[in-house]
Amino acid sequence: MAEEVIGKRVLDGGWLAARSTEVDLTGVDLTTTHPPSAQQSSWMEAVVPGTVLATLVKNNLVRDPFYGLENETIIDIGESGREYYTFWFFTTFECKLSTNQHVDLNFRAINYSADVYLNGHKVVLPKGMFRRHCIDVTDILNPDGKNLLAVLVYPPDHPGKIPPEGGQGGDHEIGKDVAAQYVEGWDWMTPIRDRNTGIWDEVSLCITGLFFYKPNLWWPNGMGKQSLYNVEITVDVESFGESDSWSHHFGFRKIESNIDSATGGRLFKVNGQPIFIRGGNWILSDGLLRLSKRRYKTDIKFHAEMNFNMMRCWGGGLAERPEFYHYCDIYGLLVWQEFWITGDCDGRGIPVSNPDGPLDHDLFLLCATDTVKLLRNHPSLALWVGGNEQVPPDDINTALKKDLQLHPYFESSTDLKFSKEDIYPVSKDPGEYLDGTRIYVQGSMWDGFANGEGDFTDGPYEIQNPENFFKDDFYNYGFNPEVGSVGMPVAATIRATLPREGWQIPLFNKLDNGYVEEVPNPIWDYHKYIPYSKPGLVHDQILLYGTPTDIDDFCLKAQLVNYIQYRALLEGWTSRMWSKYTGVLIWKTQNPWTGLRGQFYDHLHEQTAGFYGCRCAAEPIHVQLNLATNYLEVVNTTSKELSDVAIESSVWDLEGACLDYEVLEKLTIPSKKTVSISEMKYPKSDNPKPVYFLLLKLYKREDYRLLSRNFYWLHLTGGDYKLLEPYKKNKVSLKITSMTYIRGSSYEVRMHVENTSKKPDSRTLLHNNVLEKNRLGDSDMQSEGVHCVPGREHERGLLEKVLQYFSTNTSGVKVTEVNGAGIGVAFFLHFSVHASNKDNKEGEDTRILPVHYSDNYFSMVPGEVMAITLNFDVPPGVTPRITLHGWNYEGGHTVL
């Protein structure tokens with residue numbers, strides 16, 4: 001590597017690994033006279049960062065634990081003993097010092113302890129997963145610049161076992177160590193050079209005269225821009241020049257948090273503005289800790305694209321990495337970070353675990369302190385929480401409360417102990433606070449969350465009747481930190497992650513009480529599948545569409561349910577914004593493995609339809625139907641009043657006729673309010689159709705700018721959706737105009753999709769907006785909304801305007817027409833991107849993932865036009881192919 005005076009060299013490549021019992025040499029031998037090579041039988045290419053299990057999987061020494069039931073074939077550490085999973089890691093690096101240079105070797109985290117050997121010198125690293133280690137290696141680097149590094153990594157002292165009856169906490173031994181309590185592989189090593197600094201400390205010690213004049217503020221997603229600045233701190237030594245430097249992005253914002261007197265829920269304010277929390281629970285990016293910036297970026301951008309504004313890092317997982325917070329800063333996701341206490345392993349269970357755990361309280365606090373220093377400079381970090389469904393032991397809890405006390409300036413206006421005049425003269429220096437800028441809450445169900453007293457009033461976690469989310473008795477408290485439901489992925493993911501015997505759909509057993517019980521195959525059961533029925537309370541929501549015939553049919557119908565389920569969940573909470581609720585976090589948004597429950601995208605990064613149901617429901621400005629009262633509602637979570645807006649409501653039948661049309665004009669929606677407008681009349685009309693479609697549009701009257709669009713498929717009370725089954729044959733005509741931008745391996749495809757089927761006697765809508773959501777602009781390829789002004793005379797010019805708009809720097813325009821004999825709604829359309837290589841094998845998963853869609857799983861009434869943008873990267877040598885699928889477009893159509 002090139003010599004550099006000041007800088008950071010990340011050692012995350014070129015590592016080898018070997019089981020310690022298969023290496024006869026000492027660490028001194030390995031780093032002096034006998035360095036290993038990849039050609040030696042006991043050594044293999046290592047995955048860093050990652051777990052020992054990740055390295056074994058990479059080298060095909062164990063089967064992929066995420067595939068089918070292969071995890072059952074891997075020897076558990078509880079059975080093999082710790083020595084079996086004690087591994088050497090080895091690498092080399094070049095670093096030749098010049099006069100007066102100084103070098104530290106930094107480890108961001110090692111699970112659980114390690115012996116480090118560098119050029120024959122040994123350093124013993126202490127225990128603890130969530131702590132960094134810094135070793136001064138200046139005097140032990142080789143003069144020729146070639147250095148040999150070996151690390152012997154030991155697993156946790158109490159790895160624990162899984163009893164035959166199973167259970168989330170196992171035998172509860174794992175809760176005795178300061179380590180993650182979820183991860184499949186126990187060891188985790190990420191060597192990296194990283195500075196242990198904080199804005200507060202460095203500003204108070206090193207900088208004078210730091211001044212910003214009216215800086216732009218950092219806002220959460222949906223409230224404004226995420227303005228970030230860079231601070232750079234250098235240390236100069238007299239007569240020697242610059243000695244060291246450190247830089248970090250940060251944002252100006254103020255987060256306040258208190259218990260709301262009206263709802264009893266925890267209320268967050270950012271820069272003085274109340275923020276209604278709609279977000280999710282985060283476990284891990286990857287269960288084998290194969291962590292990367294690219295995966296973090298995709299994960300967090302997905303959450304922002306769902307219009308979420310908070311992520312909760314669950315206490316059984318990690319103290320997340322700075323890269324995670326970096327992208328939360330960029331995309332505006334507030335983060336609640338829990339420390340490593342969870343009731344599953346600490347303080348309850350069968351057998352009852354040690355309620356005073358973990359065993360080493362000093363180690364826990366040392367790790368907590370280091371984690372705070374690592375993460376405290378990120379504006380996205382909103383609060384610290386002691387543990388999941390459990391509070392830490394009294395002495396730890398007391399210490400955290402003391403260490404994480406707020407500086408007076410950051411106390412909520414309702415909790416201030418000082419007047420504004422007294423804040424600035426406060427004598428205590430900000431640098432004396434470990435953080436000082438955000439609150440600490442002792443547990444996930446205390447102090448404004450759930451019932452506030454830890455009485456397990458979060459949940460539920462099963463399928464619900466969609467209308468129940470709107471009812472007053474569904475949830476009784478102001479802020480629910482965990483409420484969950486189903487999460488079945490698409491059929492292509494089932495085929496890619498499960499063997500053929502895992503493609504068997506559930507058995508549907510009808511019970512005496514008239515409900516149906518789903519019986520999944522053993523592989524689905526192992527992957528934690530949640531049924532789409534709840535006998536006694538919820539009839540099977542998939543069977544509402546008819547009995548599925550195979551895995552493709554089942555997964556497609558599951559996506560219909562996913563969309564309805566999660567849109568209703570968020571719309572139900574938002575319907576009572578501030579009057580009953582202050583926020584909700586869904587359990588959970590993603591899986592760190594190939595799980596089949598509670599997710600909006602799978603481990604391969606393919607979104608479910610629930611992703612887009614959330615995206616719709618969590619819009620900052622939103623029009624919706626209250627499924628319990630049948631009233632139209634408008635949600636305004638922004639800080640500005642909506643004046644002179646209108647709702648266009650249209651009802652359509654399966655034959656393409658507009659059955660009911662109404663425009664509600666001159667509406668005013670106050671800031672931070674949900675307003676009930678009027679009852680939807682159609683279900684009470686004469687001879688309503690048993691299945692119908694409802695399209696709602698909210699727009700500004702002055703320029704017909706579309707603010708929100710929401711499409712429902714509905715049935716009469718007590719009915720079902722079985723009439724949609726024969727509707728699959730009603731293929732309607734579409735016209736798709738696409739423009740493609742290519743920059744290196746990055747593609748952006750902009751599509752304008754038109755439902756060209758029209759019924760002569762159907763009503764003409766007032767206007768026909770083209771809606772394109774604003775994308776999150778982290779690339780140079782920006783997109784703007786294109787809108788059609790009202791009146792049929794303007795429709796002829798729509799495509800001309802679109803083509804003119806996209807006429808520069810494109811690789812061509814393509815028009816694809818999908819011909820159909822039917823007239824009506826193009827129902828549940830969704831795109832997918834594939835590799836079109838000629839050497840693809842039959843049955844191979846050709847999907848290119850991830851893909852960022854401006855919308856997907858959408859439906860269009862006759863004559864309607866929508867704009868959809870796709871962004872994705874293509875592997876070298878691959879040509880992408882875009883396919884359109886839909887309920888009434890079986891088999892799919894290649895459109896690009």
# chains A, B, ... in the order shown; residues from 1 in each chain; ligands from 1
$ residues_around --residues "region 453-467 of chain A" --least-positions-apart "6" --cutoff "10 Å" --atoms "only C-alpha atoms" --output "CSV table (one decimal) with C-alpha atoms, in the first residue's frame"
chain,number,residue,atom,x,y,z
A,388,ASN,CA,-36.0,-4.9,25.0
A,389,GLU,CA,-39.0,-5.8,27.2
A,390,GLN,CA,-36.7,-5.6,30.2
A,391,VAL,CA,-34.8,-3.0,32.2
A,443,GLY,CA,-36.8,-0.2,28.6
A,444,SER,CA,-38.9,-0.6,25.4
A,445,MET,CA,-42.2,-0.8,27.3
A,446,TRP,CA,-41.6,1.9,29.9
A,447,ASP,CA,-41.9,5.7,30.1
A,474,PHE,CA,-57.6,-2.3,19.0
A,475,TYR,CA,-54.7,-0.7,21.0
A,476,ASN,CA,-55.2,1.2,24.2
A,477,TYR,CA,-51.9,3.1,24.6
A,479,PHE,CA,-47.1,4.5,21.4
A,480,ASN,CA,-46.8,0.8,20.4
A,481,PRO,CA,-43.1,-0.2,20.0
A,482,GLU,CA,-44.0,-3.6,18.4
A,483,VAL,CA,-47.0,-4.6,16.4
A,484,GLY,CA,-46.6,-7.2,13.7
A,485,SER,CA,-48.2,-9.4,11.1
A,486,VAL,CA,-47.5,-11.6,8.1
A,487,GLY,CA,-44.6,-11.3,5.7
A,530,ILE,CA,-47.1,-16.6,10.2
A,531,PRO,CA,-50.4,-17.9,8.9
A,532,TYR,CA,-52.9,-15.7,7.1
A,533,SER,CA,-55.7,-16.9,9.4
A,534,LYS,CA,-56.3,-16.7,13.1
A,537,LEU,CA,-60.9,-14.2,15.3
A,538,VAL,CA,-59.8,-13.8,11.6
A,539,HIS,CA,-60.9,-15.8,8.7
A,540,ASP,CA,-58.1,-16.8,6.3
A,541,GLN,CA,-57.3,-13.7,4.3
A,561,VAL,CA,-53.1,-9.4,1.7
A,562,ASN,CA,-49.7,-8.0,2.6
A,564,ILE,CA,-54.0,-4.4,2.5
A,565,GLN,CA,-52.8,-5.6,5.9
A,566,TYR,CA,-50.0,-3.1,6.3
A,567,ARG,CA,-51.7,-0.1,4.6
A,568,ALA,CA,-54.6,-0.6,7.1
A,569,LEU,CA,-52.2,-0.9,10.0
A,571,GLU,CA,-53.7,4.2,8.2
A,572,GLY,CA,-55.5,3.0,11.3
A,586,ILE,CA,-43.9,-2.4,13.1
A,587,TRP,CA,-42.4,-5.8,14.2
A,588,LYS,CA,-40.5,-6.2,12.0
A,597,ARG,CA,-42.6,-13.5,8.9
A,598,GLY,CA,-42.9,-9.8,9.5
A,626,ASN,CA,-61.4,4.6,7.3
A,627,LEU,CA,-62.3,1.0,7.0
A,628,ALA,CA,-64.3,1.0,10.2
A,629,THR,CA,-66.5,4.1,9.6
A,630,ASN,CA,-66.3,4.2,5.8
$ closest_atom_pairs --of "region 625-681 of chain A" --to "region 266-287 of chain A" --cutoff "10 Å" --atoms "only C-alpha atoms" --output "tab-separated table"
residue	atom	partner	partner_atom	distance
A:Thr637	CA	A:Phe276	CA	7.1
A:Thr638	CA	A:Ile275	CA	8.7
A:Ser639	CA	A:Gln273	CA	7.4
A:Lys672	CA	A:Pro274	CA	8.1
$ residues_around --residues "Ile233 (chain A)" --least-positions-apart "5" --cutoff "7 Å" --atoms "only C-alpha atoms" --output "MDAnalysis selection string"
chainID A and resid 245:247
$ write_last_selection --atoms "all heavy atoms" --output "PDB file, in the first residue's frame"
ATOM      1  N   SER A 245      -5.548  13.786  12.405  1.00  0.00           N
ATOM      2  CA  SER A 245      -6.759  14.476  11.962  1.00  0.00           C
ATOM      3  C   SER A 245      -7.948  13.546  12.108  1.00  0.00           C
ATOM      4  O   SER A 245      -7.795  12.321  12.152  1.00  0.00           O
ATOM      5  CB  SER A 245      -6.627  14.936  10.509  1.00  0.00           C
ATOM      6  OG  SER A 245      -6.554  13.820   9.639  1.00  0.00           O
ATOM      7  N   TRP A 246      -9.115  14.146  12.173  1.00  0.00           N
ATOM      8  CA  TRP A 246     -10.367  13.391  12.316  1.00  0.00           C
ATOM      9  C   TRP A 246     -11.473  14.210  11.669  1.00  0.00           C
ATOM     10  O   TRP A 246     -11.497  15.444  11.785  1.00  0.00           O
ATOM     11  CB  TRP A 246     -10.665  13.162  13.792  1.00  0.00           C
ATOM     12  CG  TRP A 246     -11.990  12.518  14.088  1.00  0.00           C
ATOM     13  CD1 TRP A 246     -12.262  11.185  14.110  1.00  0.00           C
ATOM     14  CD2 TRP A 246     -13.205  13.185  14.449  1.00  0.00           C
ATOM     15  NE1 TRP A 246     -13.568  10.978  14.456  1.00  0.00           N
ATOM     16  CE2 TRP A 246     -14.183  12.184  14.670  1.00  0.00           C
ATOM     17  CE3 TRP A 246     -13.581  14.521  14.605  1.00  0.00           C
ATOM     18  CZ2 TRP A 246     -15.487  12.477  15.028  1.00  0.00           C
ATOM     19  CZ3 TRP A 246     -14.876  14.820  14.967  1.00  0.00           C
ATOM     20  CH2 TRP A 246     -15.810  13.806  15.173  1.00  0.00           C
ATOM     21  N   SER A 247     -12.359  13.561  10.942  1.00  0.00           N
ATOM     22  CA  SER A 247     -13.469  14.265  10.312  1.00  0.00           C
ATOM     23  C   SER A 247     -14.756  13.475  10.486  1.00  0.00           C
ATOM     24  O   SER A 247     -14.720  12.242  10.633  1.00  0.00           O
ATOM     25  CB  SER A 247     -13.194  14.512   8.824  1.00  0.00           C
ATOM     26  OG  SER A 247     -13.090  13.282   8.131  1.00  0.00           O
TER      27      SER A 247
END
$ closest_residue --among "A:Pro36, A:Glu45, A:Thr31, A:Ala867" --to "His121 (chain A)" --atoms "only C-alpha atoms"
A:Thr31
$ select_by_dssp --residues "region 16-100 of chain A" --states "strand (DSSP E or B)" --output "PyMOL selection string"
chain A and resi 16-19+44-45+87-94
$ residues_around --residues "Lys735 (chain A)" --least-positions-apart "5" --cutoff "6 Å" --atoms "only C-alpha atoms" --output "list in words"
Val753, Glu754, Thr816 and Glu817 of chain A
$ write_last_selection --atoms "N, CA, C and O atoms" --output "CSV table (one decimal), in the first residue's frame"
chain,number,residue,atom,x,y,z
A,753,VAL,N,-46.9,4.6,-17.8
A,753,VAL,CA,-47.8,3.5,-18.1
A,753,VAL,C,-49.2,4.0,-18.2
A,753,VAL,O,-49.7,4.8,-17.4
A,754,GLU,N,-49.9,3.7,-19.3
A,754,GLU,CA,-51.3,4.1,-19.6
A,754,GLU,C,-52.2,3.0,-19.8
A,754,GLU,O,-51.9,2.0,-20.6
A,816,THR,N,-43.9,0.3,-25.7
A,816,THR,CA,-44.4,-1.1,-25.7
A,816,THR,C,-45.9,-1.1,-25.5
A,816,THR,O,-46.4,-0.5,-24.6
A,817,GLU,N,-46.6,-1.8,-26.3
A,817,GLU,CA,-48.1,-2.0,-26.2
A,817,GLU,C,-48.5,-3.4,-25.8
A,817,GLU,O,-48.0,-4.3,-26.5
$ residues_around --residues "Val815 (chain A)" --least-positions-apart "3" --cutoff "8 Å" --atoms "only C-alpha atoms" --output "list in words"
Lys735, Ile736, Thr737 and Ser738 of chain A
$ select_by_dssp --residues "region 718-751 of chain A" --states "alpha helix (DSSP H)" --output "list in words"
Leu724, Glu725, Pro726 and Tyr727 of chain A
$ write_last_selection --atoms "all heavy atoms" --output "PDB file, in the first residue's frame"
ATOM      1  N   LEU A 724     -62.673 -11.830  -8.139  1.00  0.00           N
ATOM      2  CA  LEU A 724     -61.435 -11.410  -8.779  1.00  0.00           C
ATOM      3  C   LEU A 724     -60.726 -12.566  -9.474  1.00  0.00           C
ATOM      4  O   LEU A 724     -59.880 -12.331 -10.350  1.00  0.00           O
ATOM      5  CB  LEU A 724     -60.491 -10.777  -7.747  1.00  0.00           C
ATOM      6  CG  LEU A 724     -60.864  -9.382  -7.243  1.00  0.00           C
ATOM      7  CD1 LEU A 724     -59.903  -8.943  -6.149  1.00  0.00           C
ATOM      8  CD2 LEU A 724     -60.872  -8.374  -8.381  1.00  0.00           C
ATOM      9  N   GLU A 725     -61.038 -13.806  -9.081  1.00  0.00           N
ATOM     10  CA  GLU A 725     -60.365 -14.956  -9.703  1.00  0.00           C
ATOM     11  C   GLU A 725     -60.641 -15.021 -11.210  1.00  0.00           C
ATOM     12  O   GLU A 725     -59.691 -15.062 -12.005  1.00  0.00           O
ATOM     13  CB  GLU A 725     -60.787 -16.248  -9.012  1.00  0.00           C
ATOM     14  CG  GLU A 725     -60.048 -17.481  -9.500  1.00  0.00           C
ATOM     15  CD  GLU A 725     -58.570 -17.456  -9.190  1.00  0.00           C
ATOM     16  OE1 GLU A 725     -58.174 -16.890  -8.144  1.00  0.00           O
ATOM     17  OE2 GLU A 725     -57.785 -17.987 -10.001  1.00  0.00           O
ATOM     18  N   PRO A 726     -61.910 -15.003 -11.660  1.00  0.00           N
ATOM     19  CA  PRO A 726     -62.134 -14.982 -13.112  1.00  0.00           C
ATOM     20  C   PRO A 726     -61.691 -13.678 -13.764  1.00  0.00           C
ATOM     21  O   PRO A 726     -61.499 -13.625 -14.985  1.00  0.00           O
ATOM     22  CB  PRO A 726     -63.647 -15.183 -13.243  1.00  0.00           C
ATOM     23  CG  PRO A 726     -64.218 -14.789 -11.925  1.00  0.00           C
ATOM     24  CD  PRO A 726     -63.181 -15.140 -10.905  1.00  0.00           C
ATOM     25  N   TYR A 727     -61.488 -12.619 -12.954  1.00  0.00           N
ATOM     26  CA  TYR A 727     -61.026 -11.334 -13.496  1.00  0.00           C
ATOM     27  C   TYR A 727     -59.602 -11.424 -14.043  1.00  0.00           C
ATOM     28  O   TYR A 727     -59.158 -10.565 -14.800  1.00  0.00           O
ATOM     29  CB  TYR A 727     -61.116 -10.259 -12.413  1.00  0.00           C
ATOM     30  CG  TYR A 727     -61.012  -8.845 -12.923  1.00  0.00           C
ATOM     31  CD1 TYR A 727     -61.990  -8.317 -13.750  1.00  0.00           C
ATOM     32  CD2 TYR A 727     -59.936  -8.028 -12.573  1.00  0.00           C
ATOM     33  CE1 TYR A 727     -61.903  -7.012 -14.220  1.00  0.00           C
ATOM     34  CE2 TYR A 727     -59.846  -6.726 -13.029  1.00  0.00           C
ATOM     35  CZ  TYR A 727     -60.838  -6.230 -13.859  1.00  0.00           C
ATOM     36  OH  TYR A 727     -60.757  -4.927 -14.318  1.00  0.00           O
TER      37      TYR A 727
END
$ residues_around --residues "Gly387 (chain A)" --least-positions-apart "5" --cutoff "8 Å" --atoms "only C-alpha atoms" --output "PDB file with all heavy atoms, in the first residue's frame"
ATOM      1  N   GLY A 315     -32.833  -4.758  21.085  1.00  0.00           N
ATOM      2  CA  GLY A 315     -31.791  -5.052  22.058  1.00  0.00           C
ATOM      3  C   GLY A 315     -31.146  -6.415  21.945  1.00  0.00           C
ATOM      4  O   GLY A 315     -30.081  -6.636  22.527  1.00  0.00           O
ATOM      5  N   GLU A 338     -31.067   0.447  21.319  1.00  0.00           N
ATOM      6  CA  GLU A 338     -31.129  -0.260  22.596  1.00  0.00           C
ATOM      7  C   GLU A 338     -29.779  -0.862  22.952  1.00  0.00           C
ATOM      8  O   GLU A 338     -29.008  -1.271  22.070  1.00  0.00           O
ATOM      9  CB  GLU A 338     -32.175  -1.383  22.530  1.00  0.00           C
ATOM     10  CG  GLU A 338     -33.586  -0.864  22.560  1.00  0.00           C
ATOM     11  CD  GLU A 338     -34.634  -1.962  22.499  1.00  0.00           C
ATOM     12  OE1 GLU A 338     -34.273  -3.155  22.483  1.00  0.00           O
ATOM     13  OE2 GLU A 338     -35.826  -1.603  22.480  1.00  0.00           O
ATOM     14  N   PHE A 339     -29.531  -0.924  24.250  1.00  0.00           N
ATOM     15  CA  PHE A 339     -28.391  -1.684  24.731  1.00  0.00           C
ATOM     16  C   PHE A 339     -28.780  -3.161  24.805  1.00  0.00           C
ATOM     17  O   PHE A 339     -29.891  -3.541  24.481  1.00  0.00           O
ATOM     18  CB  PHE A 339     -27.929  -1.129  26.080  1.00  0.00           C
ATOM     19  CG  PHE A 339     -27.401   0.281  25.988  1.00  0.00           C
ATOM     20  CD1 PHE A 339     -28.119   1.353  26.502  1.00  0.00           C
ATOM     21  CD2 PHE A 339     -26.199   0.538  25.346  1.00  0.00           C
ATOM     22  CE1 PHE A 339     -27.642   2.646  26.401  1.00  0.00           C
ATOM     23  CE2 PHE A 339     -25.710   1.841  25.234  1.00  0.00           C
ATOM     24  CZ  PHE A 339     -26.439   2.888  25.761  1.00  0.00           C
ATOM     25  N   TRP A 340     -27.885  -4.009  25.256  1.00  0.00           N
ATOM     26  CA  TRP A 340     -27.943  -5.451  24.979  1.00  0.00           C
ATOM     27  C   TRP A 340     -28.560  -6.219  26.138  1.00  0.00           C
ATOM     28  O   TRP A 340     -27.958  -7.121  26.725  1.00  0.00           O
ATOM     29  CB  TRP A 340     -26.536  -5.922  24.643  1.00  0.00           C
ATOM     30  CG  TRP A 340     -25.876  -4.852  23.838  1.00  0.00           C
ATOM     31  CD1 TRP A 340     -26.124  -4.544  22.538  1.00  0.00           C
ATOM     32  CD2 TRP A 340     -24.947  -3.870  24.320  1.00  0.00           C
ATOM     33  NE1 TRP A 340     -25.393  -3.444  22.158  1.00  0.00           N
ATOM     34  CE2 TRP A 340     -24.666  -3.014  23.222  1.00  0.00           C
ATOM     35  CE3 TRP A 340     -24.323  -3.641  25.551  1.00  0.00           C
ATOM     36  CZ2 TRP A 340     -23.773  -1.941  23.329  1.00  0.00           C
ATOM     37  CZ3 TRP A 340     -23.442  -2.580  25.653  1.00  0.00           C
ATOM     38  CH2 TRP A 340     -23.187  -1.737  24.558  1.00  0.00           C
ATOM     39  N   ILE A 341     -29.770  -5.821  26.435  1.00  0.00           N
ATOM     40  CA  ILE A 341     -30.583  -6.504  27.446  1.00  0.00           C
ATOM     41  C   ILE A 341     -31.878  -6.893  26.760  1.00  0.00           C
ATOM     42  O   ILE A 341     -32.532  -6.054  26.142  1.00  0.00           O
ATOM     43  CB  ILE A 341     -30.902  -5.585  28.643  1.00  0.00           C
ATOM     44  CG1 ILE A 341     -29.617  -5.160  29.374  1.00  0.00           C
ATOM     45  CG2 ILE A 341     -31.883  -6.241  29.585  1.00  0.00           C
ATOM     46  CD1 ILE A 341     -29.004  -6.237  30.245  1.00  0.00           C
ATOM     47  N   THR A 342     -32.253  -8.155  26.825  1.00  0.00           N
ATOM     48  CA  THR A 342     -33.562  -8.555  26.315  1.00  0.00           C
ATOM     49  C   THR A 342     -34.169  -9.582  27.252  1.00  0.00           C
ATOM     50  O   THR A 342     -33.491 -10.505  27.712  1.00  0.00           O
ATOM     51  CB  THR A 342     -33.484  -9.111  24.880  1.00  0.00           C
ATOM     52  OG1 THR A 342     -34.756  -9.624  24.508  1.00  0.00           O
ATOM     53  CG2 THR A 342     -32.453 -10.199  24.727  1.00  0.00           C
ATOM     54  N   GLY A 343     -35.449  -9.401  27.535  1.00  0.00           N
ATOM     55  CA  GLY A 343     -36.127 -10.299  28.466  1.00  0.00           C
ATOM     56  C   GLY A 343     -36.116 -11.742  28.031  1.00  0.00           C
ATOM     57  O   GLY A 343     -36.299 -12.644  28.856  1.00  0.00           O
ATOM     58  N   PRO A 392     -32.431  -2.890  32.517  1.00  0.00           N
ATOM     59  CA  PRO A 392     -31.162  -3.409  33.035  1.00  0.00           C
ATOM     60  C   PRO A 392     -31.208  -3.547  34.555  1.00  0.00           C
ATOM     61  O   PRO A 392     -32.067  -2.956  35.224  1.00  0.00           O
ATOM     62  CB  PRO A 392     -30.154  -2.341  32.608  1.00  0.00           C
ATOM     63  CG  PRO A 392     -30.811  -1.590  31.506  1.00  0.00           C
ATOM     64  CD  PRO A 392     -32.271  -1.612  31.823  1.00  0.00           C
ATOM     65  N   GLN A 442     -35.403   3.554  30.131  1.00  0.00           N
ATOM     66  CA  GLN A 442     -34.876   2.321  30.713  1.00  0.00           C
ATOM     67  C   GLN A 442     -35.289   1.045  29.997  1.00  0.00           C
ATOM     68  O   GLN A 442     -34.595   0.032  30.081  1.00  0.00           O
ATOM     69  CB  GLN A 442     -35.285   2.235  32.182  1.00  0.00           C
ATOM     70  CG  GLN A 442     -36.787   2.221  32.405  1.00  0.00           C
ATOM     71  CD  GLN A 442     -37.136   2.248  33.881  1.00  0.00           C
ATOM     72  OE1 GLN A 442     -36.317   1.900  34.731  1.00  0.00           O
ATOM     73  NE2 GLN A 442     -38.349   2.659  34.204  1.00  0.00           N
ATOM     74  N   GLY A 443     -36.406   1.044  29.276  1.00  0.00           N
ATOM     75  CA  GLY A 443     -36.834  -0.168  28.596  1.00  0.00           C
ATOM     76  C   GLY A 443     -37.853   0.135  27.522  1.00  0.00           C
ATOM     77  O   GLY A 443     -38.493   1.196  27.518  1.00  0.00           O
ATOM     78  N   SER A 444     -38.053  -0.812  26.598  1.00  0.00           N
ATOM     79  CA  SER A 444     -38.880  -0.571  25.416  1.00  0.00           C
ATOM     80  C   SER A 444     -40.363  -0.477  25.725  1.00  0.00           C
ATOM     81  O   SER A 444     -41.142  -0.083  24.856  1.00  0.00           O
ATOM     82  CB  SER A 444     -38.643  -1.679  24.386  1.00  0.00           C
ATOM     83  OG  SER A 444     -39.097  -2.933  24.872  1.00  0.00           O
TER      84      SER A 444
END
$ residues_around --residues "Gly502 (chain A)" --least-positions-apart "5" --cutoff "10 Å" --atoms "only C-alpha atoms" --output "list of chain:residue names"
A:Gly68, A:Leu69, A:Ile494, A:Arg495, A:Thr497, A:Pro520, A:Asn521, A:Pro522, A:Ile523, A:Trp524, A:Asp525, A:Ile551
$ atom_distance --atom1 "CA of Ser649 (chain A)" --atom2 "CA of Phe828 (chain A)"
19.2 Å
$ atom_distance --atom1 "CA of Gly14 (chain A)" --atom2 "CA of Phe93 (chain A)"
9.1 Å
$ atom_distance --atom1 "CA of Lys684 (chain A)" --atom2 "CA of Thr668 (chain A)"
26.9 Å
$ decode --residues "region 670-679 of chain A" --atoms "N, CA and C atoms" --output "PDB file, in the first residue's frame"
ATOM      1  N   PRO A 670     -55.719  21.434   8.440  1.00  0.00           N
ATOM      2  CA  PRO A 670     -54.709  22.065   9.299  1.00  0.00           C
ATOM      3  C   PRO A 670     -53.434  21.235   9.382  1.00  0.00           C
ATOM      4  N   SER A 671     -52.370  21.887   9.772  1.00  0.00           N
ATOM      5  CA  SER A 671     -51.099  21.200   9.978  1.00  0.00           C
ATOM      6  C   SER A 671     -51.218  20.173  11.105  1.00  0.00           C
ATOM      7  N   LYS A 672     -50.529  19.042  10.951  1.00  0.00           N
ATOM      8  CA  LYS A 672     -50.450  18.001  11.989  1.00  0.00           C
ATOM      9  C   LYS A 672     -51.822  17.476  12.390  1.00  0.00           C
ATOM     10  N   LYS A 673     -52.708  17.304  11.414  1.00  0.00           N
ATOM     11  CA  LYS A 673     -54.063  16.860  11.709  1.00  0.00           C
ATOM     12  C   LYS A 673     -54.498  15.763  10.745  1.00  0.00           C
ATOM     13  N   THR A 674     -55.394  14.905  11.251  1.00  0.00           N
ATOM     14  CA  THR A 674     -56.149  13.996  10.402  1.00  0.00           C
ATOM     15  C   THR A 674     -57.600  14.447  10.458  1.00  0.00           C
ATOM     16  N   VAL A 675     -58.178  14.732   9.302  1.00  0.00           N
ATOM     17  CA  VAL A 675     -59.520  15.310   9.243  1.00  0.00           C
ATOM     18  C   VAL A 675     -60.452  14.326   8.540  1.00  0.00           C
ATOM     19  N   SER A 676     -61.580  14.036   9.183  1.00  0.00           N
ATOM     20  CA  SER A 676     -62.618  13.213   8.561  1.00  0.00           C
ATOM     21  C   SER A 676     -63.471  14.119   7.674  1.00  0.00           C
ATOM     22  N   ILE A 677     -63.611  13.733   6.398  1.00  0.00           N
ATOM     23  CA  ILE A 677     -64.257  14.623   5.421  1.00  0.00           C
ATOM     24  C   ILE A 677     -65.728  14.280   5.229  1.00  0.00           C
ATOM     25  N   SER A 678     -66.011  13.096   4.721  1.00  0.00           N
ATOM     26  CA  SER A 678     -67.399  12.707   4.489  1.00  0.00           C
ATOM     27  C   SER A 678     -67.463  11.201   4.286  1.00  0.00           C
ATOM     28  N   GLU A 679     -68.657  10.654   4.419  1.00  0.00           N
ATOM     29  CA  GLU A 679     -68.831   9.211   4.267  1.00  0.00           C
ATOM     30  C   GLU A 679     -68.832   8.839   2.787  1.00  0.00           C
TER      31      GLU A 679
END
